[in-house]
file start08.cif (mmCIF, C-alpha atoms and all ligand atoms)
data_coords
#
loop_
_atom_site.label_atom_id
_atom_site.label_comp_id
_atom_site.auth_asym_id
_atom_site.auth_seq_id
_atom_site.Cartn_x
_atom_site.Cartn_y
_atom_site.Cartn_z
CA MET A 1 0.00 0.00 0.00
CA ASN A 2 1.34 3.45 -0.92
CA LEU A 3 0.89 6.06 1.79
CA SER A 4 1.00 9.79 1.20
CA GLY A 5 3.36 11.83 3.38
CA GLU A 6 0.46 12.92 5.57
CA ASP A 7 -0.85 9.33 5.88
CA ARG A 8 2.60 8.14 6.92
CA HIS A 9 2.76 10.87 9.53
CA ASN A 10 -0.71 9.98 10.84
CA SER A 11 -0.09 6.24 10.95
CA SER A 12 3.17 6.71 12.83
CA ALA A 13 1.37 9.08 15.24
CA VAL A 14 -1.22 6.38 15.91
CA ALA A 15 1.49 3.76 16.50
CA ARG A 16 3.59 5.92 18.83
CA ARG A 17 2.98 5.67 22.57
CA ASP A 18 2.48 8.66 24.77
CA ILE A 19 5.71 8.92 26.72
CA ARG A 20 3.68 9.34 29.94
CA ASP A 21 2.59 5.71 29.58
CA LEU A 22 6.18 4.65 30.39
CA THR A 23 7.46 3.60 33.80
CA LEU A 24 10.75 4.95 35.10
CA ASP A 25 12.50 1.74 34.00
CA GLU A 26 11.10 2.17 30.51
CA LEU A 27 12.17 5.83 30.40
CA GLU A 28 15.69 4.79 31.38
CA SER A 29 15.68 2.14 28.64
CA ALA A 30 14.41 4.70 26.11
CA ALA A 31 17.28 7.02 27.06
CA ALA A 32 19.78 4.16 26.78
CA GLU A 33 18.40 3.17 23.36
CA ALA A 34 18.98 6.76 22.24
CA GLY A 35 22.64 6.40 23.25
CA GLU A 36 22.33 8.26 26.55
CA ARG A 37 23.09 7.27 30.12
CA PRO A 38 20.06 5.78 31.94
CA TYR A 39 19.96 8.66 34.47
CA ARG A 40 18.46 10.73 31.67
CA GLY A 41 15.29 8.68 32.22
CA ARG A 42 14.90 10.24 35.65
CA GLN A 43 15.40 13.70 34.13
CA ILE A 44 12.66 12.99 31.59
CA ALA A 45 10.36 11.79 34.38
CA HIS A 46 11.03 15.04 36.24
CA TRP A 47 9.97 17.07 33.22
CA LEU A 48 6.86 14.98 32.69
CA TRP A 49 5.57 14.56 36.23
CA ARG A 50 6.92 17.49 38.24
CA LYS A 51 7.00 20.21 35.61
CA GLY A 52 4.05 18.95 33.55
CA ALA A 53 5.97 19.35 30.27
CA GLU A 54 3.74 19.19 27.23
CA SER A 55 6.44 19.13 24.57
CA PHE A 56 9.92 17.68 24.25
CA ASP A 57 11.28 21.08 23.21
CA VAL A 58 10.93 22.51 26.72
CA MET A 59 13.24 19.82 28.21
CA GLN A 60 16.20 22.14 27.84
CA ASP A 61 18.64 20.23 30.05
CA LEU A 62 18.38 17.18 27.77
CA PRO A 63 20.73 16.93 24.78
CA ALA A 64 18.99 18.06 21.58
CA ALA A 65 19.64 14.66 19.97
CA LEU A 66 17.82 12.91 22.81
CA ARG A 67 14.86 15.26 22.53
CA THR A 68 14.70 14.57 18.80
CA ALA A 69 14.94 10.80 19.37
CA LEU A 70 12.15 10.94 21.94
CA ALA A 71 9.92 13.02 19.68
CA GLU A 72 10.39 10.46 16.90
CA ARG A 73 9.42 7.55 19.11
CA PHE A 74 6.79 9.00 21.44
CA THR A 75 3.95 11.49 21.59
CA LEU A 76 3.40 14.06 24.33
CA ALA A 77 0.10 15.67 23.52
CA PRO A 78 -1.30 18.39 25.80
CA ALA A 79 -4.77 17.75 27.21
CA ASN A 80 -7.14 19.63 24.95
CA VAL A 81 -9.74 21.43 27.06
CA ALA A 82 -12.87 21.64 24.89
CA ALA A 83 -15.15 23.25 27.47
CA VAL A 84 -14.94 24.69 30.98
CA ARG A 85 -18.01 25.22 33.15
CA ARG A 86 -17.77 26.98 36.49
CA ALA A 87 -20.66 26.61 38.94
CA SER A 88 -21.77 29.18 41.47
CA ASP A 89 -20.55 26.87 44.30
CA GLY A 90 -16.97 26.86 42.90
CA THR A 91 -17.20 23.47 41.20
CA CYS A 92 -15.43 23.51 37.84
CA LYS A 93 -16.01 20.92 35.17
CA LEU A 94 -13.66 20.38 32.24
CA LEU A 95 -14.58 18.55 29.06
CA LEU A 96 -11.31 17.20 27.60
CA ARG A 97 -11.02 16.19 23.95
CA LEU A 98 -8.64 13.27 23.43
CA ALA A 99 -6.38 12.76 20.41
CA ASP A 100 -8.86 10.41 18.72
CA GLY A 101 -11.81 12.77 19.23
CA GLU A 102 -13.24 11.04 22.32
CA ALA A 103 -14.31 13.34 25.14
CA ILE A 104 -14.03 12.86 28.89
CA GLU A 105 -14.88 14.89 31.95
CA THR A 106 -12.78 16.03 34.89
CA VAL A 107 -14.29 17.95 37.80
CA ILE A 108 -12.59 20.22 40.35
CA ILE A 109 -14.56 20.35 43.59
CA PRO A 110 -13.46 22.91 46.21
CA ALA A 111 -14.84 22.37 49.72
CA GLY A 112 -13.39 24.18 52.73
CA ASP A 113 -9.64 23.62 52.86
CA ARG A 114 -9.83 20.76 50.36
CA THR A 115 -9.84 20.85 46.59
CA THR A 116 -10.74 17.47 45.17
CA LEU A 117 -10.25 16.37 41.59
CA CYS A 118 -12.71 13.84 40.21
CA ILE A 119 -10.87 11.83 37.53
CA SER A 120 -12.24 9.74 34.64
CA SER A 121 -10.79 6.33 33.84
CA GLN A 122 -12.72 5.40 30.69
CA ALA A 123 -14.48 7.19 27.83
CA GLY A 124 -18.01 6.10 28.67
CA CYS A 125 -18.73 3.07 30.81
CA ALA A 126 -20.07 -0.44 30.34
CA MET A 127 -21.50 -0.83 33.83
CA GLY A 128 -24.97 0.48 33.06
CA CYS A 129 -25.86 2.03 36.42
CA GLU A 130 -29.35 3.42 36.08
CA PHE A 131 -28.70 6.62 38.05
CA CYS A 132 -25.65 7.63 36.02
CA ALA A 133 -25.54 9.79 32.88
CA THR A 134 -22.25 8.22 31.72
CA ALA A 135 -23.98 4.85 31.49
CA ARG A 136 -26.02 6.26 28.61
CA MET A 137 -22.87 6.40 26.48
CA GLY A 138 -21.94 2.76 26.83
CA LEU A 139 -18.20 2.06 26.80
CA HIS A 140 -16.31 3.84 24.03
CA ARG A 141 -12.82 2.85 25.15
CA ASN A 142 -10.40 2.60 28.04
CA LEU A 143 -8.24 5.62 28.75
CA THR A 144 -4.48 5.17 28.66
CA ALA A 145 -2.45 5.76 31.82
CA ALA A 146 -1.23 9.01 30.25
CA GLU A 147 -4.78 10.20 29.55
CA ILE A 148 -5.82 9.42 33.12
CA ALA A 149 -2.87 11.17 34.76
CA ALA A 150 -2.91 14.14 32.34
CA GLN A 151 -6.25 15.19 33.86
CA VAL A 152 -4.32 16.34 36.93
CA PHE A 153 -2.28 18.79 34.87
CA ALA A 154 -5.32 20.00 32.94
CA ALA A 155 -7.09 20.67 36.24
CA ARG A 156 -4.09 22.44 37.82
CA ARG A 157 -4.13 24.96 34.99
CA GLU A 158 -7.74 25.87 35.83
CA LEU A 159 -7.19 26.43 39.56
CA ASN A 160 -7.47 29.87 41.04
CA PRO A 161 -4.13 31.50 41.88
CA GLY A 162 -2.68 29.98 45.08
CA ALA A 163 -5.09 27.02 45.08
CA GLN A 164 -3.87 23.47 44.77
CA LEU A 165 -5.42 20.04 44.47
CA THR A 166 -5.43 18.18 47.77
CA ASN A 167 -7.44 15.03 47.04
CA TYR A 168 -8.03 12.82 44.03
CA VAL A 169 -11.04 10.58 43.52
CA PHE A 170 -11.58 8.16 40.66
CA MET A 171 -15.31 8.80 40.48
CA GLY A 172 -15.53 10.37 37.05
CA MET A 173 -16.51 8.62 33.85
CA GLY A 174 -15.88 4.89 33.75
CA GLU A 175 -15.29 2.02 36.15
CA PRO A 176 -11.61 2.28 37.16
CA LEU A 177 -11.22 -1.41 38.01
CA ALA A 178 -12.49 -2.39 34.56
CA ASN A 179 -9.41 -0.61 33.17
CA TYR A 180 -7.01 -2.03 35.72
CA PRO A 181 -3.57 -2.05 34.01
CA ARG A 182 -3.94 1.56 32.81
CA LEU A 183 -5.35 2.64 36.17
CA LEU A 184 -2.36 1.09 37.90
CA GLY A 185 0.01 2.82 35.47
CA ALA A 186 -1.59 6.18 36.21
CA LEU A 187 -1.65 5.59 39.97
CA THR A 188 2.01 4.58 39.88
CA ALA A 189 2.97 7.80 38.07
CA MET A 190 0.83 9.82 40.47
CA THR A 191 2.28 8.30 43.65
CA ALA A 192 5.88 7.30 42.79
CA PRO A 193 8.78 9.45 44.02
CA TRP A 194 9.88 9.77 40.38
CA GLY A 195 6.32 10.78 39.41
CA MET A 196 3.98 13.31 41.02
CA ALA A 197 4.75 11.95 44.51
CA ILE A 198 1.14 12.32 45.67
CA SER A 199 0.42 10.43 48.88
CA PRO A 200 -1.79 7.38 48.16
CA ARG A 201 -3.81 8.41 51.22
CA ARG A 202 -5.06 11.38 49.23
CA ILE A 203 -6.34 9.13 46.46
CA THR A 204 -9.66 7.26 46.48
CA VAL A 205 -10.58 4.71 43.84
CA SER A 206 -14.30 4.14 43.53
CA THR A 207 -15.72 0.90 42.19
CA VAL A 208 -19.22 -0.32 41.57
CA GLY A 209 -17.98 -3.69 42.82
CA ILE A 210 -15.57 -5.54 40.51
CA VAL A 211 -14.85 -7.99 43.30
CA PRO A 212 -11.65 -9.72 42.09
CA MET A 213 -9.89 -6.43 41.32
CA MET A 214 -10.63 -4.73 44.65
CA GLU A 215 -8.28 -6.96 46.60
CA LYS A 216 -5.64 -6.82 43.87
CA LEU A 217 -5.62 -3.01 43.90
CA LEU A 218 -5.22 -2.65 47.66
CA ALA A 219 -2.48 -5.28 47.66
CA GLU A 220 -0.53 -3.14 45.17
CA LEU A 221 -1.14 0.38 46.46
CA PRO A 222 -2.46 1.68 49.81
CA VAL A 223 -5.07 3.97 48.24
CA ASN A 224 -8.54 4.45 49.71
CA LEU A 225 -11.42 2.45 48.34
CA ALA A 226 -15.00 3.58 47.84
CA VAL A 227 -17.70 1.10 46.90
CA SER A 228 -20.80 2.28 45.07
CA LEU A 229 -23.40 0.27 46.94
CA HIS A 230 -26.68 2.13 46.37
CA ALA A 231 -29.03 -0.68 47.48
CA THR A 232 -29.56 -3.17 50.29
CA THR A 233 -31.27 -5.98 48.40
CA ASP A 234 -30.11 -7.88 45.35
CA GLU A 235 -33.42 -7.12 43.69
CA ALA A 236 -32.94 -3.35 43.90
CA ARG A 237 -29.21 -3.48 43.18
CA ASP A 238 -29.70 -5.73 40.16
CA ARG A 239 -31.85 -2.98 38.74
CA ILE A 240 -29.83 0.14 39.48
CA ALA A 241 -26.29 -1.34 39.37
CA PRO A 242 -26.40 -4.37 37.03
CA ILE A 243 -22.89 -5.53 37.98
CA ASN A 244 -24.71 -6.93 41.02
CA ARG A 245 -25.95 -9.79 38.84
CA ARG A 246 -22.36 -10.92 38.50
CA TYR A 247 -21.14 -10.02 42.00
CA PRO A 248 -24.19 -10.04 44.30
CA LEU A 249 -24.32 -8.16 47.59
CA ALA A 250 -23.25 -11.05 49.85
CA GLU A 251 -20.19 -11.73 47.68
CA LEU A 252 -19.33 -8.02 47.56
CA ILE A 253 -19.51 -7.65 51.34
CA ARG A 254 -17.45 -10.85 51.85
CA ALA A 255 -14.79 -9.39 49.53
CA CYS A 256 -14.81 -6.12 51.51
CA ARG A 257 -14.16 -8.09 54.72
CA ARG A 258 -11.05 -9.63 53.17
CA LEU A 259 -9.54 -6.33 52.02
CA PRO A 260 -6.12 -5.51 53.48
CA LEU A 261 -7.07 -2.17 55.04
CA LYS A 262 -4.40 -0.04 56.68
CA ALA A 263 -4.81 0.81 60.36
CA ARG A 264 -7.56 3.34 60.97
CA SER A 265 -8.70 3.32 57.35
CA ARG A 266 -12.27 2.53 56.40
CA ILE A 267 -14.12 1.65 53.24
CA THR A 268 -16.43 4.37 52.02
CA PHE A 269 -19.80 3.15 50.76
CA GLU A 270 -21.53 5.48 48.33
CA TYR A 271 -25.32 5.44 48.44
CA VAL A 272 -27.27 7.62 46.04
CA MET A 273 -30.70 8.33 47.51
CA LEU A 274 -33.48 7.53 45.01
CA ALA A 275 -37.10 8.22 45.90
CA GLY A 276 -39.12 5.03 46.21
CA VAL A 277 -36.19 2.83 45.13
CA ASN A 278 -33.71 2.55 48.02
CA ASP A 279 -34.59 5.23 50.56
CA THR A 280 -36.92 3.59 53.10
CA ILE A 281 -36.30 3.12 56.80
CA ASP A 282 -36.16 -0.64 56.14
CA ASP A 283 -33.38 0.01 53.63
CA ALA A 284 -31.50 1.97 56.28
CA ARG A 285 -31.88 -0.86 58.81
CA ARG A 286 -30.68 -3.41 56.25
CA LEU A 287 -27.70 -1.20 55.46
CA VAL A 288 -26.70 -1.12 59.12
CA LYS A 289 -26.80 -4.95 59.24
CA LEU A 290 -24.99 -5.34 55.94
CA LEU A 291 -22.08 -3.11 56.95
CA ALA A 292 -21.89 -4.19 60.60
CA PRO A 293 -18.90 -6.52 60.05
CA LEU A 294 -16.87 -3.82 58.28
CA ARG A 295 -14.85 -0.72 59.05
CA ALA A 296 -17.14 1.43 57.00
CA LYS A 297 -18.50 4.90 56.51
CA VAL A 298 -21.41 5.88 54.31
CA ASN A 299 -21.91 8.83 52.00
CA LEU A 300 -25.58 9.52 51.33
CA ILE A 301 -25.72 11.35 48.03
CA PHE A 302 -28.50 13.45 46.60
CA PHE A 303 -29.31 12.23 43.10
CA ASN A 304 -28.49 14.69 40.31
CA PRO A 305 -31.44 14.38 37.90
CA PHE A 306 -30.56 14.31 34.20
CA ALA A 307 -32.54 14.35 30.98
CA GLY A 308 -33.95 10.98 30.02
CA SER A 309 -33.88 9.50 33.54
CA ASP A 310 -37.10 8.52 35.32
CA LEU A 311 -35.43 8.44 38.72
CA GLU A 312 -36.15 11.09 41.31
CA ARG A 313 -34.11 12.39 44.20
CA SER A 314 -35.26 11.49 47.70
CA PRO A 315 -36.72 14.38 49.68
CA ARG A 316 -34.34 15.88 52.25
CA ALA A 317 -36.52 14.65 55.11
CA ALA A 318 -36.20 11.05 53.86
CA VAL A 319 -32.43 11.37 53.55
CA GLU A 320 -32.16 12.78 57.08
CA ALA A 321 -34.38 10.04 58.51
CA PHE A 322 -32.24 7.45 56.71
CA GLN A 323 -29.08 9.01 58.13
CA ALA A 324 -30.54 8.97 61.65
CA VAL A 325 -31.09 5.19 61.45
CA LEU A 326 -27.47 4.71 60.34
CA HIS A 327 -26.25 6.87 63.22
CA ARG A 328 -28.30 4.86 65.70
CA GLY A 329 -26.64 1.76 64.23
CA ASN A 330 -23.21 3.30 64.96
CA LEU A 331 -22.42 3.93 61.32
CA THR A 332 -20.71 7.14 60.29
CA ALA A 333 -22.95 8.60 57.63
CA THR A 334 -22.53 11.93 55.86
CA ILE A 335 -25.05 13.61 53.63
CA ARG A 336 -23.37 14.86 50.45
CA GLU A 337 -24.98 17.92 49.01
CA SER A 338 -25.11 17.99 45.23
CA ARG A 339 -22.26 20.03 43.85
CA GLY A 340 -22.29 22.02 40.66
CA LEU A 341 -25.95 21.40 39.90
CA ASP A 342 -26.01 24.48 37.68
CA ILE A 343 -23.26 23.02 35.45
CA ALA A 344 -24.47 19.41 35.31
CA ALA A 345 -21.50 18.28 37.40
CA ALA A 346 -22.50 14.71 38.14
CA CYS A 347 -20.59 12.11 36.21
CA GLY A 348 -21.29 12.16 32.48
CA GLN A 349 -23.83 14.95 32.46
CA LEU A 350 -21.85 17.56 30.57
CA TYR A 351 -20.88 14.97 27.96
CA ALA A 352 -24.45 13.74 27.70
CA GLU A 353 -25.76 17.26 27.35
CA GLN A 354 -23.42 17.92 24.45
CA HIS A 355 -23.35 14.57 22.68
CA LEU A 356 -26.31 12.29 23.37
CA PRO A 357 -29.83 12.16 22.02
CA GLN A 358 -32.44 11.76 24.76
CA ASP A 359 -33.28 8.13 23.97
CA ALA A 360 -29.68 6.93 23.88
CA GLY A 361 -30.05 5.11 27.18
CA ALA A 362 -32.69 2.74 25.89
CA ARG A 363 -30.68 1.97 22.76
CA ASP A 364 -27.50 1.34 24.70
CA HIS A 365 -29.06 -1.01 27.22
CA GLU A 366 -28.64 -4.20 25.20
CA ARG A 367 -25.08 -3.34 24.26
CA ARG A 368 -24.14 -2.68 27.89
CA ALA A 369 -25.71 -5.94 28.98
CA ALA A 370 -23.70 -7.77 26.34
CA GLN A 371 -20.49 -6.01 27.41
CA LEU A 372 -21.13 -7.09 30.98
CA GLY A 373 -22.07 -10.62 30.00
CA ILE A 374 -25.43 -9.97 31.66
CA GLN A 375 -28.80 -10.79 30.19
CA ASP A 376 -32.14 -9.75 31.64
S1 LIG B 401 -21.78 5.06 38.20
FE1 LIG B 401 -19.66 4.64 37.61
S2 LIG B 401 -19.66 2.44 37.17
FE2 LIG B 401 -21.82 3.08 37.15
S3 LIG B 401 -22.23 3.56 34.97
FE3 LIG B 401 -21.60 5.48 35.99
S4 LIG B 401 -19.41 5.62 35.58
FE4 LIG B 401 -20.00 3.50 35.23
#
call {"tool": "encode", "arguments": {"input": "start08.cif", "output": "C-alpha cells", "more": "lines below"}}
Ligand code: SF4
result
Amino acid sequence: MNLSGEDRHNSSAVARRDIRDLTLDELESAAAEAGERPYRGRQIAHWLWRKGAESFDVMQDLPAALRTALAERFTLAPANVAAVRRASDGTCKLLLRLADGEAIETVIIPAGDRTTLCISSQAGCAMGCEFCATARMGLHRNLTAAEIAAQVFAARRELNPGAQLTNYVFMGMGEPLANYPRLLGALTAMTAPWGMAISPRRITVSTVGIVPMMEKLLAELPVNLAVSLHATTDEARDRIAPINRRYPLAELIRACRRLPLKARSRITFEYVMLAGVNDTIDDARRLVKLLAPLRAKVNLIFFNPFAGSDLERSPRAAVEAFQAVLHRGNLTATIRESRGLDIAAACGQLYAEQHLPQDAGARDHERRAAQLGIQD
C-alpha cells in the first residue's frame, strides 16, 4: 500500500505511545536506546511529572539529539480542554477532547480547605448504572495511563491562583477497576517518588464492585477504596447497578471483609438516595446490618437528575431520617450535598448534554448488557 506523506505521519502518530505511559525503568531504557546514560530517564520523568511538560522542546537540560529521538518515538500531547463550566458553588467541570476525538470529563470540587479532583478512567462506561448519565454512552474505550494522569495537569491549569489540588477521587466517567492495568500505570505515576509523589492516602478509587480487582488493587497500592453500593437488596441493586448480577451483595460484602485495610482506614460506601427505590427506613436498617462486620463509613448522596432518567431524588426529610437510622446503628454517615448542579457536574452529564440524544439510554441497554455478559 502506498501512503502519502500525511498518511505516513498519521499512521506513525497512531502507532507511537504517549511517553507518559512509560514507567521509570522504561524511560531509562528509552534514554539508553537513544545512546544516553540511563539517568536521563529520571530527568525525563522530572519534566513529565513534576514540571508537567507538554512538549519535548521545553526539556532544555536534555541533549537536543535525545529530545529529537524521543519526539520520533513518542507522543506528548497536551490535554485539549474543549469546554470549561464553572458553577456558582466553585465546582469547575472540564470537558477534555482526546487525540482520537473522544471526550471525557474532569471535575474540580473545592470544599473548605480541600480541593478534590474527580478523575475519569474510561471514555463512557459499560456498567450500566441506572442513576448515572455516563452509562447512557456505553463504553467507548479505556483511557491510557497518560490520559488518566494528564487530567491532573489540565485541572491544575484551571485552579485559582494559590489554590492546589489536595485530594483525588476516581469517580468520574468509567469504572476504574475495569481498566485495571492503565489505572495502575496512572496511579504509579501519580504516587511514585519519580512521578507526582502524591500520597496514596489522598487518592480514592471508587468501584461499583468488581470484586476480584478490589483486593488486587489494595495489595498493590495503599489507596482508599469507595464502593458504590446504592441498594440493600439484590433485587434493587440488580436494577440500578447491574454488575450486582455478576457479584451479588453477599459476595461483595465478603470481599470487603477480606480487604487488606491499613490501620484506621475505612471503606467508604456510596449510596445515592433515590425516591421510592432505596430510601426507606427498612433500607437503612438493612444497610446497618450489611455493613456491621466492616470498618465502613457511608456517603448519602443526593441524586443529580438528568434528561432521560425517570429516577427522582429522595426528599431531604427522607435522607435525614435514613441518616438517623445509620447513626443509631453506629455507622458514620454523611449527607453529600449535590455540587455544581447548575453546570451538570454529576458524572457524564456535561458529555451527555453535548453529545447524546435523549433516547440513547434505551438503545445502549442491550449493548451494555452484552459487554457485561449480563442478560435480563
Ligand atoms: S456510576 Fe460509575 S460504574 Fe456506574 S455507569 Fe456510571 S461511571 Fe459507570
call {"tool": "atom_distance", "arguments": {"input": "start08.cif", "atom1": "atom CA of A:Arg114", "atom2": "atom CA of A:Thr166"}}
result
5.7 Å
call {"tool": "residues_near_ligand", "arguments": {"input": "start08.cif", "ligand": "ligand LIG 401 (chain B)", "cutoff": "6 Å", "atoms": "only C-alpha atoms and all ligand atoms", "output": "PyMOL selection string"}}
result
chain A and resi 125+127-129+132+134-135+173-175+208
call {"tool": "axis_aligned_box", "arguments": {"input": "start08.cif", "around": "stretch 300-316 of chain A", "padding_each_side": "8 Å", "output": "lines of an AutoDock Vina configuration file"}}
result
center_x = -31.3
center_y = 12.2
center_z = 41.1
size_x = 27.5
size_y = 23.4
size_z = 38.2
call {"tool": "closest_residue", "arguments": {"input": "start08.cif", "among": "A:Phe153, A:Phe56, A:Tyr168, A:Phe269", "to": "A:His230", "atoms": "only C-alpha atoms"}}
result
A:Phe269
call {"tool": "residues_around", "arguments": {"input": "start08.cif", "residues": "A:Val277", "least_positions_apart": "5", "cutoff": "9 Å", "atoms": "all atoms listed in the file", "output": "PyMOL selection string"}}
result
chain A and resi 231+236+240+311
call {"tool": "atom_distance", "arguments": {"input": "start08.cif", "atom1": "atom CA of A:Ile301", "atom2": "atom CA of A:Leu252"}}
result
20.4 Å
call {"tool": "residues_around", "arguments": {"input": "start08.cif", "residues": "stretch 187-194 of chain A", "least_positions_apart": "6", "cutoff": "9 Å", "atoms": "all atoms listed in the file", "output": "ChimeraX atom specification"}}
result
/A:20-24,42,45-46,49-50,145-146,148-149,200,203,221
call {"tool": "residues_near_point", "arguments": {"input": "start08.cif", "point": "(-17.2, 25.3, 50.0)", "cutoff": "10 Å", "atoms": "all atoms listed in the file", "output": "PyMOL selection string"}}
result
chain A and resi 89-91+109-115+339
call {"tool": "closest_residue", "arguments": {"input": "start08.cif", "among": "A:Thr332, A:Arg239, A:Ser121, A:Phe131", "to": "A:Leu183", "atoms": "only C-alpha atoms"}}
result
A:Ser121
call {"tool": "residues_around", "arguments": {"input": "start08.cif", "residues": "A:Ser206", "least_positions_apart": "4", "cutoff": "12 Å", "atoms": "all atoms listed in the file", "output": "ChimeraX atom specification"}}
result
/A:118-121,168-178,183,210,213-214,217,223-229,267-270
call {"tool": "residues_near_point", "arguments": {"input": "start08.cif", "point": "(-16.8, -11.4, 45.5)", "cutoff": "10 Å", "atoms": "all atoms listed in the file", "output": "ChimeraX atom specification"}}
result
/A:209-215,246-256,258
call {"tool": "closest_residue", "arguments": {"input": "start08.cif", "among": "A:Ala133, A:Leu117, A:Ala69, A:Val319", "to": "A:Ala154", "atoms": "all atoms listed in the file"}}
result
A:Leu117
call {"tool": "build_atoms", "arguments": {"input": "start08.cif", "residues": "stretch 285-303 of chain A", "atoms": "N, CA and C atoms", "output": "mmCIF file, keeping the file's coordinate frame"}}
result
data_model
loop_
_atom_site.group_PDB
_atom_site.id
_atom_site.type_symbol
_atom_site.label_atom_id
_atom_site.label_comp_id
_atom_site.auth_asym_id
_atom_site.auth_seq_id
_atom_site.Cartn_x
_atom_site.Cartn_y
_atom_site.Cartn_z
ATOM 1 N N ARG A 285 -32.152 0.199 57.822
ATOM 2 C CA ARG A 285 -31.880 -0.860 58.810
ATOM 3 C C ARG A 285 -31.074 -1.991 58.176
ATOM 4 N N ARG A 286 -31.436 -2.346 56.935
ATOM 5 C CA ARG A 286 -30.680 -3.410 56.250
ATOM 6 C C ARG A 286 -29.233 -2.978 56.013
ATOM 7 N N LEU A 287 -29.057 -1.700 55.713
ATOM 8 C CA LEU A 287 -27.700 -1.200 55.460
ATOM 9 C C LEU A 287 -26.836 -1.317 56.719
ATOM 10 N N VAL A 288 -27.432 -0.986 57.854
ATOM 11 C CA VAL A 288 -26.700 -1.120 59.120
ATOM 12 C C VAL A 288 -26.239 -2.564 59.307
ATOM 13 N N LYS A 289 -27.146 -3.519 59.069
ATOM 14 C CA LYS A 289 -26.800 -4.950 59.240
ATOM 15 C C LYS A 289 -25.726 -5.382 58.251
ATOM 16 N N LEU A 290 -25.900 -4.942 57.011
ATOM 17 C CA LEU A 290 -24.990 -5.340 55.940
ATOM 18 C C LEU A 290 -23.553 -4.904 56.236
ATOM 19 N N LEU A 291 -23.416 -3.676 56.760
ATOM 20 C CA LEU A 291 -22.080 -3.110 56.950
ATOM 21 C C LEU A 291 -21.523 -3.363 58.351
ATOM 22 N N ALA A 292 -22.321 -3.996 59.199
ATOM 23 C CA ALA A 292 -21.890 -4.190 60.600
ATOM 24 C C ALA A 292 -20.526 -4.878 60.713
ATOM 25 N N PRO A 293 -20.198 -5.862 59.862
ATOM 26 C CA PRO A 293 -18.900 -6.520 60.050
ATOM 27 C C PRO A 293 -17.707 -5.726 59.529
ATOM 28 N N LEU A 294 -17.947 -4.528 58.998
ATOM 29 C CA LEU A 294 -16.870 -3.820 58.280
ATOM 30 C C LEU A 294 -16.465 -2.530 58.978
ATOM 31 N N ARG A 295 -15.225 -2.096 58.703
ATOM 32 C CA ARG A 295 -14.850 -0.720 59.050
ATOM 33 C C ARG A 295 -15.325 0.144 57.900
ATOM 34 N N ALA A 296 -16.467 0.790 58.132
ATOM 35 C CA ALA A 296 -17.140 1.430 57.000
ATOM 36 C C ALA A 296 -17.636 2.818 57.360
ATOM 37 N N LYS A 297 -17.740 3.655 56.368
ATOM 38 C CA LYS A 297 -18.500 4.900 56.510
ATOM 39 C C LYS A 297 -19.354 5.037 55.261
ATOM 40 N N VAL A 298 -20.425 5.806 55.395
ATOM 41 C CA VAL A 298 -21.410 5.880 54.310
ATOM 42 C C VAL A 298 -21.565 7.328 53.865
ATOM 43 N N ASN A 299 -21.543 7.529 52.555
ATOM 44 C CA ASN A 299 -21.910 8.830 52.000
ATOM 45 C C ASN A 299 -23.291 8.713 51.382
ATOM 46 N N LEU A 300 -24.227 9.463 51.907
ATOM 47 C CA LEU A 300 -25.580 9.520 51.330
ATOM 48 C C LEU A 300 -25.597 10.675 50.342
ATOM 49 N N ILE A 301 -25.903 10.368 49.104
ATOM 50 C CA ILE A 301 -25.720 11.350 48.030
ATOM 51 C C ILE A 301 -27.071 11.718 47.427
ATOM 52 N N PHE A 302 -27.303 13.021 47.318
ATOM 53 C CA PHE A 302 -28.500 13.450 46.600
ATOM 54 C C PHE A 302 -28.328 13.149 45.119
ATOM 55 N N PHE A 303 -29.333 12.547 44.523
ATOM 56 C CA PHE A 303 -29.310 12.230 43.100
ATOM 57 C C PHE A 303 -29.346 13.510 42.278
#
